[in-house]
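Participant: Handing you a structure now.
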Amino acid sequence: MNLVNALNSPFANYIELSSAEASLLQVAYYGAYFVMAIPAGLIAKRFGYKGGVISGLLLFALGAFMVIPATSMASYGLFLFAMFVIALGAASLETNCNPYITKLGDEKGESFRINMAQSFNGVGNIVGPLILGQILGTTVASGESGFDAAKTQFLNDTRTIYIVIGVVLVVVLAVFALFKLPTPPGDEEEAAGGASSKNSSFFGLLKRPHFALGVLAEFIFIGLQVAGMAVFSAYALKHWGAGITAGTAAMMLSVLSLLFTIGRFVTTPLMAKFDPAKILGVYMTISAVLMFVVFLGLGKVSVIAFMVAYLFISIGYPTIFSLTLKGIKGSAAKTGSSALVMSIVGAALIPLLLGVIQDAAGIEIAILVMVPGFLFVAWYAFWGSKIGLKEA
């Protein structure tokens, strides 16, 4: 996911795109989550969580290999389609892995389990921009001998990255197919006829205020998280000052991602002792304040505030996910997970909207628009997540 965000600025540079056109990368990637969420949920209901994971790995690997012709032809349209297929696979993995981990144990530890699992995603979030920073450092240097040469090298290196990803995924798929997964307690109860699956439909779940508000909160939050990562490099290049290069900005994105990962690892143990909803509320309030500092454009201070904000943004997605599914089990959990994964389309629409605002009014105004979004998520954490909460 973070590699896609990090590719936003260099693609805009080498393919010569506007901010709105570059944001189509997020539209293609995260729009696939909306398309795939329901089919992935149906696969889970029919073939179990393992079947959903296998289908996700297959699609992810296929999309990775599609990057080969896309970069060979320097076709932005084909690259967007490859990202769409990759995201179909990622959506299937999210739809199946997140509720599986969340529900594989007692309800009290749901936020702890999903945050712990999501913490390890941060390793990839760091490695992606770090690798890209090395590539950009090389391509910018080679730009002295011509823009076309730099563009060609960037596309070649990007192709190599995705070939490696595709090969690794094929190996993981082969290994995963040999293992048998344990069944979550709620699924066992439902299979034995001891758990009710009433109100397990999408519209039935939307009648529950804490669930409906949670889907909206996830839509807004993931859009803001992705939009921030997508514009960070451009913001840093504008506000850090003299001497910064595109490669340096990408390396700084790695620092942001490191803080994001640290935030999850440090905060997750606290969720075993304190209310995850209150932690989320405090973190989102701090994030809103820091993004307002970013809006002010205070040079290095604002760039650092931008990076530090992701220390607190870190726990948003998995914690909202668990709060939204609280009290929901069995088939209803699979349906609810599909709805939450569909909400990731916010990562396609919100960056597009902010890209348009950025083109029209500047990057600082686009950042300002993000502030009330974080405040809404804080409200959901403190109060919205408790409205109408009852056992499904």
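Every chain in the structure tokens has a letter given in the order shown (A, B, ...), and although residue numbers restart at 1 in each chain, ligands are simply numbered from 1 in the order shown.
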Give me the residues within 6 Å of region 217-223 of chain A as a ChimeraX atom specification, counting only C-alpha atoms and dropping any in the same chain fewer than 4 places off.
Facilitator: /A:227,343-344,346-347,350,377
Participant: If you measure from CA of Pro69 (chain A) to CA of Leu24 (chain A), what distance in Å do you get, rounded to one decimal?
Facilitator: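 Atom-to-atom, CA of Pro69 (chain A) to CA of Leu24 (chain A), that is 19.1 Å.
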Participant: List as a list in words the protein and nucleic acid residues near Phe81 (chain A), meaning an atom at most 9 Å away when only C-alpha atoms are counted, but skip any in the same chain fewer than 5 places from it.
Facilitator: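 Result of the neighbour search: Ala28, Tyr29, Gly63, Met66, Val67, Ala70, Tyr76 and Ile86 of chain A.
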Participant: Could you dump the residues just selected with C-alpha atoms as an mmCIF file, in the first residue's frame?
Facilitator:
data_model
loop_
_atom_site.group_PDB
_atom_site.id
_atom_site.type_symbol
_atom_site.label_atom_id
_atom_site.label_comp_id
_atom_site.auth_asym_id
_atom_site.auth_seq_id
_atom_site.Cartn_x
_atom_site.Cartn_y
_atom_site.Cartn_z
ATOM 1 C CA ALA A 28 -7.390 2.657 -9.314
ATOM 2 C CA TYR A 29 -5.844 0.974 -6.287
ATOM 3 C CA GLY A 63 -1.300 -7.866 -10.779
ATOM 4 C CA MET A 66 1.151 -7.207 -15.037
ATOM 5 C CA VAL A 67 3.515 -4.386 -14.070
ATOM 6 C CA ALA A 70 3.026 -1.673 -18.104
ATOM 7 C CA TYR A 76 0.274 4.810 -17.190
ATOM 8 C CA ILE A 86 -3.188 -6.015 -7.177
#
Participant: Quote the spacing between CA of Pro39 (chain A) and CA of Gly330 (chain A) in Å to one decimal place.
Facilitator: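 According to the coordinates, CA of Pro39 (chain A) and CA of Gly330 (chain A) are separated by 17.0 Å.
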Participant: May I have the residues within 9 Å of Glu364 (chain A) as a list in words, using only C-alpha atoms and disregarding those fewer than 4 positions away in the same chain?
Facilitator: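 Here the answer would be Tyr235, Val294, Phe295, Leu296, Gly297, Gln358, Leu368 and Val369 of chain A.
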Participant: Please report the interatomic distance between CA of Met370 (chain A) and CA of Ser257 (chain A) in Å with one decimal.
Facilitator: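 Separation between CA of Met370 (chain A) and CA of Ser257 (chain A): 18.8 Å.
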Participant: What lies within 12 Å of Met83 (chain A) using only C-alpha atoms, ignoring chain neighbours under 6 positions off, as JSON, numbers by chain?
Facilitator: {"A": [1, 3, 4, 5, 7, 24, 25, 26, 27, 28, 29, 30, 31, 32, 33, 59, 60, 61, 62, 63, 64, 65, 66, 67, 68, 70, 76, 77, 89, 90, 91, 162]}
Participant: With distances taken over only C-alpha atoms, which residue among A:Ala230, A:Ile54, A:Ala44, A:Met284 lies nearest Val170 (chain A)?
Facilitator: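 Answer, going by the shortest atom-to-atom distance: A:Ile54.
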Participant: Write out as a count of residues only each polymer residue whose atoms come within 7 Å of Ser314 (chain A), counting only C-alpha atoms; drop sequence neighbours fewer than 5 positions from it.
Facilitator: 4
Participant: Nearest to Val215 (chain A) among A:Ala12, A:Ala339, A:Ala361, A:Val53, with distances taken over only C-alpha atoms: which residue is it?
Facilitator: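 Among A:Ala12, A:Ala339, A:Ala361, A:Val53, it is A:Ala339 that comes nearest to Val215 (chain A).
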Participant: Restricting the calculation to only C-alpha atoms: of A:Ser302, A:Ser201, A:Thr267, A:Ser337, which residue gets closest to Ala236 (chain A)?
Facilitator: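 Selected residue with least distance to Ala236 (chain A): A:Ser302.
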